[in-house]
$ cat work_25.cif   # mmCIF, C-alpha atoms and all ligand atoms
data_entry
#
loop_
_atom_site.group_PDB
_atom_site.id
_atom_site.type_symbol
_atom_site.label_atom_id
_atom_site.label_comp_id
_atom_site.auth_asym_id
_atom_site.auth_seq_id
_atom_site.Cartn_x
_atom_site.Cartn_y
_atom_site.Cartn_z
ATOM 1 C CA MET A 23 -110.658 -86.389 -160.431
ATOM 2 C CA ALA A 24 -113.010 -85.112 -163.057
ATOM 3 C CA SER A 25 -111.273 -83.542 -166.004
ATOM 4 C CA SER A 26 -113.056 -81.874 -168.855
ATOM 5 C CA ASN A 27 -110.260 -82.801 -171.278
ATOM 6 C CA ALA A 28 -110.385 -86.544 -170.731
ATOM 7 C CA VAL A 29 -112.672 -88.889 -172.648
ATOM 8 C CA PRO A 30 -115.941 -89.081 -170.677
ATOM 9 C CA ALA A 31 -116.743 -92.375 -168.955
ATOM 10 C CA LEU A 32 -120.243 -92.009 -170.378
ATOM 11 C CA GLN A 33 -121.568 -89.592 -172.933
ATOM 12 C CA ALA A 34 -125.026 -89.324 -174.440
ATOM 13 C CA LYS A 35 -126.140 -86.863 -177.069
ATOM 14 C CA GLY A 36 -129.575 -85.870 -178.245
ATOM 15 C CA ILE A 37 -131.498 -88.535 -176.337
ATOM 16 C CA LYS A 38 -135.170 -88.388 -177.255
ATOM 17 C CA LYS A 39 -137.895 -90.692 -176.064
ATOM 18 C CA ARG A 40 -141.652 -90.649 -176.408
ATOM 19 C CA TYR A 41 -144.374 -92.936 -175.169
ATOM 20 C CA GLY A 42 -147.248 -92.587 -177.605
ATOM 21 C CA ASN A 43 -148.044 -88.891 -177.727
ATOM 22 C CA LEU A 44 -146.045 -88.115 -174.622
ATOM 23 C CA GLU A 45 -142.601 -86.690 -175.351
ATOM 24 C CA VAL A 46 -140.726 -87.761 -172.236
ATOM 25 C CA LEU A 47 -137.157 -86.819 -173.232
ATOM 26 C CA LYS A 48 -136.793 -83.915 -175.620
ATOM 27 C CA GLY A 49 -133.121 -84.145 -176.544
ATOM 28 C CA ILE A 50 -130.825 -84.679 -173.579
ATOM 29 C CA ASP A 51 -127.047 -84.221 -173.748
ATOM 30 C CA ILE A 52 -125.213 -85.558 -170.756
ATOM 31 C CA GLU A 53 -121.675 -86.604 -170.024
ATOM 32 C CA ALA A 54 -120.091 -88.090 -166.965
ATOM 33 C CA HIS A 55 -116.348 -87.822 -166.520
ATOM 34 C CA THR A 56 -114.443 -90.280 -164.404
ATOM 35 C CA GLY A 57 -114.921 -89.496 -160.726
ATOM 36 C CA GLU A 58 -117.957 -87.282 -161.202
ATOM 37 C CA VAL A 59 -121.032 -87.800 -159.070
ATOM 38 C CA ILE A 60 -123.946 -86.256 -160.903
ATOM 39 C CA ALA A 61 -127.155 -85.674 -158.998
ATOM 40 C CA ILE A 62 -130.218 -85.708 -161.238
ATOM 41 C CA ILE A 63 -133.211 -84.061 -159.674
ATOM 42 C CA GLY A 64 -136.641 -82.969 -160.826
ATOM 43 C CA THR A 65 -140.333 -83.419 -160.195
ATOM 44 C CA SER A 66 -142.029 -86.770 -160.527
ATOM 45 C CA GLY A 67 -142.671 -87.479 -164.194
ATOM 46 C CA SER A 68 -139.923 -85.171 -165.483
ATOM 47 C CA GLY A 69 -138.159 -88.110 -167.171
ATOM 48 C CA LYS A 70 -135.381 -88.992 -164.704
ATOM 49 C CA SER A 71 -135.954 -92.757 -164.734
ATOM 50 C CA THR A 72 -136.491 -92.815 -168.482
ATOM 51 C CA LEU A 73 -133.194 -90.996 -168.966
ATOM 52 C CA LEU A 74 -131.247 -93.446 -166.806
ATOM 53 C CA ARG A 75 -132.933 -96.379 -168.518
ATOM 54 C CA CYS A 76 -132.087 -95.008 -171.960
ATOM 55 C CA LEU A 77 -128.448 -94.534 -170.933
ATOM 56 C CA ASN A 78 -127.880 -98.258 -170.617
ATOM 57 C CA LEU A 79 -130.561 -99.191 -173.121
ATOM 58 C CA LEU A 80 -132.982 -100.764 -170.665
ATOM 59 C CA ASP A 81 -135.325 -98.495 -172.631
ATOM 60 C CA ASN A 82 -134.769 -97.908 -176.315
ATOM 61 C CA PRO A 83 -134.475 -94.226 -177.172
ATOM 62 C CA ASP A 84 -136.068 -92.813 -180.326
ATOM 63 C CA GLU A 85 -132.989 -90.731 -181.102
ATOM 64 C CA GLY A 86 -129.559 -90.260 -179.668
ATOM 65 C CA GLU A 87 -125.987 -91.441 -179.406
ATOM 66 C CA ILE A 88 -124.260 -93.149 -176.518
ATOM 67 C CA THR A 89 -120.516 -93.423 -176.010
ATOM 68 C CA VAL A 90 -118.792 -95.363 -173.241
ATOM 69 C CA HIS A 91 -115.153 -94.414 -172.651
ATOM 70 C CA GLY A 92 -114.943 -93.144 -176.194
ATOM 71 C CA GLU A 93 -116.487 -96.276 -177.725
ATOM 72 C CA SER A 94 -119.618 -95.401 -179.576
ATOM 73 C CA ILE A 95 -122.527 -97.850 -179.238
ATOM 74 C CA ARG A 96 -123.664 -98.811 -182.727
ATOM 75 C CA MET A 97 -127.427 -98.470 -182.957
ATOM 76 C CA LYS A 98 -129.986 -99.765 -185.379
ATOM 77 C CA ARG A 99 -133.565 -98.701 -185.885
ATOM 78 C CA GLN A 100 -136.202 -101.266 -184.999
ATOM 79 C CA ARG A 101 -139.575 -101.786 -186.653
ATOM 80 C CA ASN A 102 -141.317 -99.856 -183.878
ATOM 81 C CA GLY A 103 -139.118 -96.859 -184.670
ATOM 82 C CA THR A 104 -136.925 -96.977 -181.558
ATOM 83 C CA LEU A 105 -133.175 -97.493 -181.530
ATOM 84 C CA CYS A 106 -131.423 -100.487 -180.050
ATOM 85 C CA ALA A 107 -127.826 -101.653 -179.984
ATOM 86 C CA ALA A 108 -126.849 -103.234 -183.274
ATOM 87 C CA ASP A 109 -124.279 -105.558 -181.778
ATOM 88 C CA SER A 110 -125.192 -108.008 -179.018
ATOM 89 C CA LYS A 111 -121.600 -108.153 -177.754
ATOM 90 C CA GLN A 112 -121.524 -104.387 -177.453
ATOM 91 C CA ILE A 113 -124.791 -104.263 -175.523
ATOM 92 C CA SER A 114 -123.545 -106.924 -173.161
ATOM 93 C CA ARG A 115 -120.393 -104.878 -172.550
ATOM 94 C CA LEU A 116 -122.422 -101.691 -172.161
ATOM 95 C CA ARG A 117 -124.570 -103.337 -169.488
ATOM 96 C CA SER A 118 -121.426 -104.548 -167.691
ATOM 97 C CA ASP A 119 -119.803 -101.121 -167.914
ATOM 98 C CA ILE A 120 -122.879 -99.171 -166.844
ATOM 99 C CA GLY A 121 -124.283 -100.600 -163.612
ATOM 100 C CA PHE A 122 -127.869 -99.912 -162.578
ATOM 101 C CA VAL A 123 -129.273 -99.825 -159.066
ATOM 102 C CA PHE A 124 -133.076 -99.868 -158.994
ATOM 103 C CA GLN A 125 -135.492 -98.342 -156.532
ATOM 104 C CA SER A 126 -137.026 -101.790 -155.990
ATOM 105 C CA PHE A 127 -133.667 -103.637 -155.652
ATOM 106 C CA ASN A 128 -134.591 -106.250 -158.309
ATOM 107 C CA LEU A 129 -132.691 -109.079 -156.657
ATOM 108 C CA TRP A 130 -133.583 -112.515 -157.983
ATOM 109 C CA PRO A 131 -135.897 -113.897 -155.265
ATOM 110 C CA HIS A 132 -135.059 -117.567 -155.841
ATOM 111 C CA MET A 133 -131.313 -117.024 -155.374
ATOM 112 C CA THR A 134 -129.325 -116.367 -152.217
ATOM 113 C CA VAL A 135 -127.485 -113.080 -151.891
ATOM 114 C CA MET A 136 -124.248 -114.846 -152.857
ATOM 115 C CA GLU A 137 -125.884 -116.437 -155.924
ATOM 116 C CA ASN A 138 -127.319 -113.053 -156.922
ATOM 117 C CA ILE A 139 -123.865 -111.499 -156.803
ATOM 118 C CA ILE A 140 -121.820 -114.208 -158.546
ATOM 119 C CA GLU A 141 -124.263 -114.940 -161.393
ATOM 120 C CA ALA A 142 -123.248 -112.201 -163.829
ATOM 121 C CA PRO A 143 -119.513 -112.209 -163.050
ATOM 122 C CA ILE A 144 -119.459 -115.940 -163.880
ATOM 123 C CA GLN A 145 -121.872 -115.829 -166.843
ATOM 124 C CA VAL A 146 -120.855 -112.534 -168.411
ATOM 125 C CA LEU A 147 -117.288 -111.823 -167.258
ATOM 126 C CA GLY A 148 -116.199 -115.464 -167.255
ATOM 127 C CA LEU A 149 -114.888 -115.502 -163.685
ATOM 128 C CA SER A 150 -114.371 -118.913 -162.105
ATOM 129 C CA TYR A 151 -116.694 -119.845 -159.223
ATOM 130 C CA PRO A 152 -113.979 -119.323 -156.552
ATOM 131 C CA GLU A 153 -112.960 -115.987 -158.087
ATOM 132 C CA ALA A 154 -116.563 -114.790 -158.146
ATOM 133 C CA VAL A 155 -117.181 -115.920 -154.567
ATOM 134 C CA ALA A 156 -114.013 -114.196 -153.354
ATOM 135 C CA ARG A 157 -115.063 -110.989 -155.092
ATOM 136 C CA ALA A 158 -118.583 -111.241 -153.635
ATOM 137 C CA GLU A 159 -117.281 -111.810 -150.105
ATOM 138 C CA LYS A 160 -115.188 -108.650 -150.288
ATOM 139 C CA LEU A 161 -118.149 -106.661 -151.584
ATOM 140 C CA LEU A 162 -120.533 -107.986 -148.933
ATOM 141 C CA MET A 163 -118.011 -106.894 -146.330
ATOM 142 C CA LYS A 164 -117.765 -103.490 -147.975
ATOM 143 C CA VAL A 165 -121.532 -102.910 -147.900
ATOM 144 C CA GLY A 166 -121.744 -104.278 -144.359
ATOM 145 C CA ILE A 167 -123.741 -107.486 -144.828
ATOM 146 C CA ALA A 168 -120.973 -110.097 -144.748
ATOM 147 C CA GLY A 169 -123.183 -112.398 -142.681
ATOM 148 C CA LYS A 170 -126.033 -112.466 -145.206
ATOM 149 C CA ALA A 171 -124.405 -114.334 -148.096
ATOM 150 C CA GLU A 172 -126.606 -117.406 -147.736
ATOM 151 C CA SER A 173 -129.841 -115.509 -147.054
ATOM 152 C CA TYR A 174 -132.600 -115.172 -149.615
ATOM 153 C CA PRO A 175 -133.689 -111.612 -150.420
ATOM 154 C CA MET A 176 -137.061 -111.958 -148.664
ATOM 155 C CA MET A 177 -135.243 -112.721 -145.406
ATOM 156 C CA LEU A 178 -133.489 -109.343 -145.510
ATOM 157 C CA SER A 179 -134.637 -105.845 -144.598
ATOM 158 C CA GLY A 180 -135.073 -103.371 -147.435
ATOM 159 C CA GLY A 181 -131.836 -101.646 -146.518
ATOM 160 C CA GLN A 182 -129.967 -104.959 -146.580
ATOM 161 C CA GLN A 183 -131.554 -105.903 -149.909
ATOM 162 C CA GLN A 184 -130.487 -102.626 -151.456
ATOM 163 C CA ARG A 185 -126.955 -103.048 -150.127
ATOM 164 C CA ALA A 186 -126.906 -106.561 -151.622
ATOM 165 C CA ALA A 187 -128.109 -105.094 -154.916
ATOM 166 C CA ILE A 188 -125.309 -102.518 -154.811
ATOM 167 C CA ALA A 189 -122.798 -105.311 -154.143
ATOM 168 C CA ARG A 190 -124.220 -107.181 -157.124
ATOM 169 C CA THR A 191 -123.722 -104.123 -159.316
ATOM 170 C CA LEU A 192 -120.181 -103.554 -158.022
ATOM 171 C CA ALA A 193 -119.268 -107.181 -158.759
ATOM 172 C CA MET A 194 -119.292 -106.328 -162.464
ATOM 173 C CA GLU A 195 -116.716 -103.584 -161.822
ATOM 174 C CA PRO A 196 -118.758 -101.061 -163.804
ATOM 175 C CA LYS A 197 -117.191 -97.846 -165.087
ATOM 176 C CA VAL A 198 -120.325 -95.894 -164.228
ATOM 177 C CA ILE A 199 -123.157 -96.643 -161.805
ATOM 178 C CA LEU A 200 -126.670 -95.320 -162.333
ATOM 179 C CA PHE A 201 -128.840 -95.100 -159.215
ATOM 180 C CA ASP A 202 -132.572 -94.608 -159.667
ATOM 181 C CA GLU A 203 -134.006 -93.432 -156.334
ATOM 182 C CA PRO A 204 -132.132 -96.126 -154.423
ATOM 183 C CA THR A 205 -133.705 -95.211 -151.082
ATOM 184 C CA SER A 206 -137.280 -94.348 -152.104
ATOM 185 C CA ALA A 207 -138.643 -97.814 -151.332
ATOM 186 C CA LEU A 208 -137.040 -97.962 -147.898
ATOM 187 C CA ASP A 209 -138.433 -97.366 -144.436
ATOM 188 C CA PRO A 210 -136.955 -94.103 -143.137
ATOM 189 C CA GLU A 211 -134.693 -95.801 -140.610
ATOM 190 C CA MET A 212 -132.952 -97.703 -143.412
ATOM 191 C CA VAL A 213 -132.243 -94.796 -145.720
ATOM 192 C CA GLY A 214 -129.046 -93.822 -143.917
ATOM 193 C CA GLU A 215 -127.325 -97.195 -144.274
ATOM 194 C CA VAL A 216 -127.784 -97.157 -148.053
ATOM 195 C CA LEU A 217 -126.761 -93.506 -148.412
ATOM 196 C CA GLY A 218 -123.673 -94.375 -146.353
ATOM 197 C CA VAL A 219 -122.649 -96.975 -148.919
ATOM 198 C CA ILE A 220 -123.230 -94.540 -151.794
ATOM 199 C CA GLN A 221 -121.191 -91.877 -150.016
ATOM 200 C CA GLN A 222 -118.346 -94.364 -149.559
ATOM 201 C CA LEU A 223 -118.443 -95.105 -153.307
ATOM 202 C CA ALA A 224 -118.328 -91.390 -154.055
ATOM 203 C CA GLN A 225 -115.291 -90.987 -151.825
ATOM 204 C CA GLU A 226 -113.565 -93.786 -153.741
ATOM 205 C CA GLY A 227 -113.942 -91.689 -156.879
ATOM 206 C CA ARG A 228 -116.570 -93.842 -158.570
ATOM 207 C CA THR A 229 -118.403 -92.301 -161.475
ATOM 208 C CA MET A 230 -122.091 -92.163 -160.638
ATOM 209 C CA LEU A 231 -125.374 -90.673 -161.776
ATOM 210 C CA LEU A 232 -127.771 -90.465 -158.894
ATOM 211 C CA VAL A 233 -131.489 -89.778 -159.135
ATOM 212 C CA THR A 234 -132.744 -89.054 -155.649
ATOM 213 C CA HIS A 235 -135.194 -87.055 -153.569
ATOM 214 C CA GLU A 236 -132.705 -86.945 -150.696
ATOM 215 C CA MET A 237 -131.805 -83.360 -151.429
ATOM 216 C CA ARG A 238 -129.402 -82.720 -148.600
ATOM 217 C CA PHE A 239 -127.509 -85.911 -149.432
ATOM 218 C CA ALA A 240 -127.460 -85.074 -153.142
ATOM 219 C CA ARG A 241 -126.183 -81.585 -152.363
ATOM 220 C CA ASN A 242 -123.331 -82.981 -150.269
ATOM 221 C CA VAL A 243 -122.280 -85.990 -152.327
ATOM 222 C CA SER A 244 -122.518 -84.635 -155.863
ATOM 223 C CA THR A 245 -119.835 -82.865 -157.849
ATOM 224 C CA ARG A 246 -122.400 -81.614 -160.352
ATOM 225 C CA ALA A 247 -126.163 -81.409 -160.435
ATOM 226 C CA ILE A 248 -128.747 -81.509 -163.196
ATOM 227 C CA PHE A 249 -132.312 -80.307 -162.832
ATOM 228 C CA LEU A 250 -134.576 -82.052 -165.293
ATOM 229 C CA ASP A 251 -137.920 -80.502 -166.131
ATOM 230 C CA ALA A 252 -140.456 -81.883 -168.611
ATOM 231 C CA GLY A 253 -137.829 -83.882 -170.492
ATOM 232 C CA ARG A 254 -135.254 -81.097 -170.763
ATOM 233 C CA ILE A 255 -132.207 -80.119 -168.760
ATOM 234 C CA GLU A 256 -133.547 -76.902 -167.308
ATOM 235 C CA GLN A 257 -130.496 -76.092 -165.234
ATOM 236 C CA GLN A 258 -127.140 -77.695 -164.456
ATOM 237 C CA GLY A 259 -124.033 -76.687 -162.605
ATOM 238 C CA THR A 260 -122.210 -77.103 -159.342
ATOM 239 C CA PRO A 261 -124.300 -78.300 -156.403
ATOM 240 C CA ALA A 262 -124.044 -74.771 -154.972
ATOM 241 C CA GLU A 263 -125.438 -73.276 -158.184
ATOM 242 C CA VAL A 264 -128.282 -75.741 -158.605
ATOM 243 C CA PHE A 265 -129.291 -76.368 -154.995
ATOM 244 C CA ASP A 266 -128.518 -73.058 -153.346
ATOM 245 C CA HIS A 267 -128.730 -70.404 -156.055
ATOM 246 C CA PRO A 268 -130.824 -71.699 -158.946
ATOM 247 C CA THR A 269 -131.245 -69.148 -161.716
ATOM 248 C CA SER A 270 -134.093 -71.003 -163.409
ATOM 249 C CA ALA A 271 -137.485 -70.103 -161.987
ATOM 250 C CA ARG A 272 -138.680 -73.695 -162.276
ATOM 251 C CA CYS A 273 -135.624 -74.983 -160.443
ATOM 252 C CA ARG A 274 -136.105 -72.354 -157.718
ATOM 253 C CA GLN A 275 -139.713 -73.404 -157.373
ATOM 254 C CA PHE A 276 -138.720 -77.064 -157.146
ATOM 255 C CA MET A 277 -136.084 -76.379 -154.500
ATOM 256 C CA ALA A 278 -138.552 -74.339 -152.478
ATOM 257 C CA SER A 279 -141.049 -77.217 -152.599
ATOM 258 C CA GLN A 280 -138.447 -79.613 -151.152
ATOM 259 C CA ASN A 281 -138.101 -77.873 -147.800
HETATM 260 P P1 LIG B 1 -139.498 -89.639 -163.265
HETATM 261 O O1 LIG B 1 -138.542 -90.785 -163.048
HETATM 262 O O2 LIG B 1 -138.799 -88.324 -163.399
HETATM 263 O O3 LIG B 1 -140.567 -89.582 -162.230
HETATM 264 P P2 LIG B 1 -140.279 -91.153 -165.603
HETATM 265 O O4 LIG B 1 -139.084 -91.165 -166.463
HETATM 266 O O5 LIG B 1 -140.570 -92.366 -164.820
HETATM 267 O O6 LIG B 1 -140.214 -89.858 -164.657
HETATM 268 O O7 LIG B 1 -141.560 -90.853 -166.469
HETATM 269 C C1 LIG B 1 -141.688 -89.725 -167.313
HETATM 270 C C2 LIG B 1 -143.028 -89.768 -167.989
HETATM 271 O O8 LIG B 1 -143.067 -90.880 -168.869
HETATM 272 C C3 LIG B 1 -144.191 -89.928 -167.045
HETATM 273 O O9 LIG B 1 -145.253 -89.137 -167.514
HETATM 274 C C4 LIG B 1 -144.522 -91.386 -167.135
HETATM 275 O O10 LIG B 1 -145.869 -91.617 -166.878
HETATM 276 C C5 LIG B 1 -144.161 -91.713 -168.574
HETATM 277 N N1 LIG B 1 -143.719 -93.098 -168.757
HETATM 278 C C6 LIG B 1 -142.629 -93.651 -168.202
HETATM 279 N N2 LIG B 1 -142.490 -94.934 -168.581
HETATM 280 C C7 LIG B 1 -143.538 -95.204 -169.408
HETATM 281 C C8 LIG B 1 -143.952 -96.363 -170.136
HETATM 282 N N3 LIG B 1 -143.259 -97.512 -170.110
HETATM 283 N N4 LIG B 1 -145.083 -96.246 -170.883
HETATM 284 C C9 LIG B 1 -145.773 -95.095 -170.953
HETATM 285 N N5 LIG B 1 -145.433 -93.979 -170.286
HETATM 286 C C10 LIG B 1 -144.324 -94.012 -169.514
HETATM 287 MG MG MG B 2 -138.441 -92.216 -161.578
#

$ encode --input "work_25.cif" --output "structure tokens"
Amino acid sequence: MASSNAVPALQAKGIKKRYGNLEVLKGIDIEAHTGEVIAIIGTSGSGKSTLLRCLNLLDNPDEGEITVHGESIRMKRQRNGTLCAADSKQISRLRSDIGFVFQSFNLWPHMTVMENIIEAPIQVLGLSYPEAVARAEKLLMKVGIAGKAESYPMMLSGGQQQRAAIARTLAMEPKVILFDEPTSALDPEMVGEVLGVIQQLAQEGRTMLLVTHEMRFARNVSTRAIFLDAGRIEQQGTPAEVFDHPTSARCRQFMASQN
């Protein structure tokens, strides 16, 4: 269960990011405690993807601090002014600890589903081939595509590809999983199967940050919600506060536009 006293699984402070003249993140503080499911919502362009990408340094923030289970990621400033991890071992661990599920799945097209899943556990975690395969088989069962291990991504439906991508993320046994609109690229009839997997992960007590436009799902699955607006956290609180009774006018307006 989430506890405000415990060390957060993931904590970020003062995250700022600009692209040219566009200030996309204007100083974001966010922390995810173990077992929390945080829904991040907001209009298109409000900075949701940039925030998630900065949290595991897929994008380099201009300012900010990131801590994973109390371990602070040492940063250095690059020539272009942005920050990156100073220690390659630490960044590798950060990427293992903070899983990322993309809107567009990002499976490697030239590898089977099994190969996609076992690659990082073998290369990064040092699992043996049989260990990695055993882990992958369990995960494929869990996400409901046990029969697709030898298929290539292009042979799968979007929903199956996303479930394979989730299995690939889970294979690293991450402490936190970041989902960036995991169902936005799917045909409507496939949304449910992916949301079902995410709901199952939530019930297991996984720590997750979920960017989604599936408002009803976000309302039900989250333990806390954050409304991002123009690069700032405009409102946050319980799902009831944010979804049902927003105090911020912008959040109210956004919620009204979703129905
Ligand atoms: P959201 O995920 O909330 O829709 P994004 O984080 O993708 O928003 O984008 C926030 C803003 O930053 C948008 O105006 C977008 O055009 C801009 N942006 C995002 N990535 C880049 C990039 N690599 N280069 C330039 N501008 C970007
Ligand atoms: Mg986005």

$ closest_residue --input "work_25.cif" --among "A:Gln145, A:Ser206, A:Asn102, A:Asn138" --to "Leu162 (chain A)" --atoms "all atoms listed in the file"
A:Asn138

$ residues_near_ligand --input "work_25.cif" --ligand "ligand LIG 1 (chain B)" --cutoff "9 Å" --atoms "only C-alpha atoms and all ligand atoms" --output "list in words"
Lys39, Arg40, Tyr41, Gly42, Leu44, Glu45, Val46, Leu47, Ile63, Gly64, Thr65, Ser66, Gly67, Ser68, Gly69, Lys70, Ser71, Thr72, Leu73, Leu74, Arg75, Asp81, Asp202, Glu203, Val233, Leu250, Asp251, Ala252 and Gly253 of chain A

$ write_last_selection --input "work_25.cif" --atoms "C-alpha atoms" --output "compact mmCIF listing (two decimals), in the frame of the given file"
# COMPACT_ATOMS: atom_id res chain seq x y z
CA LYS A 39 -137.90 -90.69 -176.06
CA ARG A 40 -141.65 -90.65 -176.41
CA TYR A 41 -144.37 -92.94 -175.17
CA GLY A 42 -147.25 -92.59 -177.60
CA LEU A 44 -146.04 -88.12 -174.62
CA GLU A 45 -142.60 -86.69 -175.35
CA VAL A 46 -140.73 -87.76 -172.24
CA LEU A 47 -137.16 -86.82 -173.23
CA ILE A 63 -133.21 -84.06 -159.67
CA GLY A 64 -136.64 -82.97 -160.83
CA THR A 65 -140.33 -83.42 -160.20
CA SER A 66 -142.03 -86.77 -160.53
CA GLY A 67 -142.67 -87.48 -164.19
CA SER A 68 -139.92 -85.17 -165.48
CA GLY A 69 -138.16 -88.11 -167.17
CA LYS A 70 -135.38 -88.99 -164.70
CA SER A 71 -135.95 -92.76 -164.73
CA THR A 72 -136.49 -92.82 -168.48
CA LEU A 73 -133.19 -91.00 -168.97
CA LEU A 74 -131.25 -93.45 -166.81
CA ARG A 75 -132.93 -96.38 -168.52
CA ASP A 81 -135.32 -98.50 -172.63
CA ASP A 202 -132.57 -94.61 -159.67
CA GLU A 203 -134.01 -93.43 -156.33
CA VAL A 233 -131.49 -89.78 -159.14
CA LEU A 250 -134.58 -82.05 -165.29
CA ASP A 251 -137.92 -80.50 -166.13
CA ALA A 252 -140.46 -81.88 -168.61
CA GLY A 253 -137.83 -83.88 -170.49

$ resolve_selection --input "work_25.cif" --expression "the PyMOL selection byres (((chain A and resi 92-100) around 8) and not hetatm)" --output "list in words"
Val29, Pro30, Ala31, Leu32, Glu87, Ile88, Thr89, Val90, His91, Arg101, Asn102, Gly103, Thr104, Leu105, Cys106, Ala107, Ala108, Asp109, Gln112 and Ile113 of chain A

$ residues_around --input "work_25.cif" --residues "Arg185 (chain A)" --least-positions-apart "6" --cutoff "12 Å" --atoms "all atoms listed in the file" --output "ChimeraX atom specification"
/A:123-129,135,139,161-168,170-171,175,178-179,191-192,204-205,208,212-220

$ atom_distance --input "work_25.cif" --atom1 "CA of Met136 (chain A)" --atom2 "CA of Glu159 (chain A)"
8.1 Å

$ residues_around --input "work_25.cif" --residues "Asp51 (chain A)" --least-positions-apart "5" --cutoff "7 Å" --atoms "all atoms listed in the file" --output "JSON, numbers by chain"
{"A": [34, 35, 36, 37]}

$ resolve_selection --input "work_25.cif" --expression "the PyMOL selection byres (((chain A and resi 229) around 12) and not hetatm)" --output "PyMOL selection string"
chain A and resi 23-24+30-32+53-61+91+119-121+192+195-201+220-221+223-228+230-232+243-246

$ closest_residue --input "work_25.cif" --among "A:Ile62, A:Ala187, A:Ile144, A:Gln182" --to "Arg241 (chain A)" --atoms "all atoms listed in the file"
A:Ile62

$ closest_residue --input "work_25.cif" --among "A:Glu85, A:Glu172, A:Asp266, A:Glu153" --to "Glu137 (chain A)" --atoms "all atoms listed in the file"
A:Glu172

$ closest_residue --input "work_25.cif" --among "A:Arg254, A:Lys48, A:Arg157, A:His235" --to "ligand MG 2 (chain B)" --atoms "only C-alpha atoms and all ligand atoms"
A:His235

$ atom_distance --input "work_25.cif" --atom1 "CA of Asn78 (chain A)" --atom2 "CA of Arg117 (chain A)"
6.2 Å

$ closest_residue --input "work_25.cif" --among "A:Val155, A:Met176, A:Ala207, A:Ile52" --to "ligand MG 2 (chain B)" --atoms "all atoms listed in the file"
A:Ala207

$ closest_residue --input "work_25.cif" --among "A:Ser114, A:Gln257, A:Asn43, A:Gln33" --to "Val146 (chain A)" --atoms "all atoms listed in the file"
A:Ser114

$ atom_distance --input "work_25.cif" --atom1 "CA of Cys273 (chain A)" --atom2 "CA of Met237 (chain A)"
12.9 Å

$ build_atoms --input "work_25.cif" --residues "region 245-259 of chain A" --atoms "N, CA and C atoms" --output "PDB file, in the coordinates of the input"
ATOM      1  N   THR A 245    -120.807 -83.837-157.351  1.00  0.00           N
ATOM      2  CA  THR A 245    -119.835 -82.865-157.849  1.00  0.00           C
ATOM      3  C   THR A 245    -120.503 -81.957-158.876  1.00  0.00           C
ATOM      4  N   ARG A 246    -121.663 -82.386-159.364  1.00  0.00           N
ATOM      5  CA  ARG A 246    -122.400 -81.614-160.352  1.00  0.00           C
ATOM      6  C   ARG A 246    -123.860 -82.008-160.232  1.00  0.00           C
ATOM      7  N   ALA A 247    -124.741 -81.105-160.560  1.00  0.00           N
ATOM      8  CA  ALA A 247    -126.163 -81.409-160.435  1.00  0.00           C
ATOM      9  C   ALA A 247    -126.904 -80.986-161.699  1.00  0.00           C
ATOM     10  N   ILE A 248    -127.918 -81.773-162.014  1.00  0.00           N
ATOM     11  CA  ILE A 248    -128.747 -81.509-163.196  1.00  0.00           C
ATOM     12  C   ILE A 248    -130.200 -81.471-162.755  1.00  0.00           C
ATOM     13  N   PHE A 249    -130.877 -80.404-163.110  1.00  0.00           N
ATOM     14  CA  PHE A 249    -132.312 -80.307-162.832  1.00  0.00           C
ATOM     15  C   PHE A 249    -133.061 -80.577-164.126  1.00  0.00           C
ATOM     16  N   LEU A 250    -133.823 -81.653-164.114  1.00  0.00           N
ATOM     17  CA  LEU A 250    -134.576 -82.052-165.293  1.00  0.00           C
ATOM     18  C   LEU A 250    -136.012 -81.560-165.143  1.00  0.00           C
ATOM     19  N   ASP A 251    -136.548 -80.984-166.192  1.00  0.00           N
ATOM     20  CA  ASP A 251    -137.920 -80.502-166.131  1.00  0.00           C
ATOM     21  C   ASP A 251    -138.596 -80.790-167.464  1.00  0.00           C
ATOM     22  N   ALA A 252    -139.682 -81.560-167.408  1.00  0.00           N
ATOM     23  CA  ALA A 252    -140.456 -81.883-168.611  1.00  0.00           C
ATOM     24  C   ALA A 252    -139.572 -82.358-169.761  1.00  0.00           C
ATOM     25  N   GLY A 253    -138.622 -83.242-169.437  1.00  0.00           N
ATOM     26  CA  GLY A 253    -137.829 -83.882-170.492  1.00  0.00           C
ATOM     27  C   GLY A 253    -136.681 -83.061-171.031  1.00  0.00           C
ATOM     28  N   ARG A 254    -136.396 -81.928-170.349  1.00  0.00           N
ATOM     29  CA  ARG A 254    -135.254 -81.097-170.763  1.00  0.00           C
ATOM     30  C   ARG A 254    -134.372 -80.819-169.559  1.00  0.00           C
ATOM     31  N   ILE A 255    -133.081 -80.601-169.831  1.00  0.00           N
ATOM     32  CA  ILE A 255    -132.207 -80.119-168.760  1.00  0.00           C
ATOM     33  C   ILE A 255    -132.469 -78.635-168.617  1.00  0.00           C
ATOM     34  N   GLU A 256    -133.129 -78.293-167.523  1.00  0.00           N
ATOM     35  CA  GLU A 256    -133.547 -76.902-167.308  1.00  0.00           C
ATOM     36  C   GLU A 256    -132.411 -76.103-166.681  1.00  0.00           C
ATOM     37  N   GLN A 257    -131.652 -76.763-165.828  1.00  0.00           N
ATOM     38  CA  GLN A 257    -130.496 -76.092-165.234  1.00  0.00           C
ATOM     39  C   GLN A 257    -129.473 -77.145-164.843  1.00  0.00           C
ATOM     40  N   GLN A 258    -128.180 -76.837-165.002  1.00  0.00           N
ATOM     41  CA  GLN A 258    -127.140 -77.695-164.456  1.00  0.00           C
ATOM     42  C   GLN A 258    -125.962 -76.857-164.020  1.00  0.00           C
ATOM     43  N   GLY A 259    -125.191 -77.418-163.113  1.00  0.00           N
ATOM     44  CA  GLY A 259    -124.033 -76.687-162.605  1.00  0.00           C
ATOM     45  C   GLY A 259    -123.486 -77.342-161.363  1.00  0.00           C
TER      46      GLY A 259
END
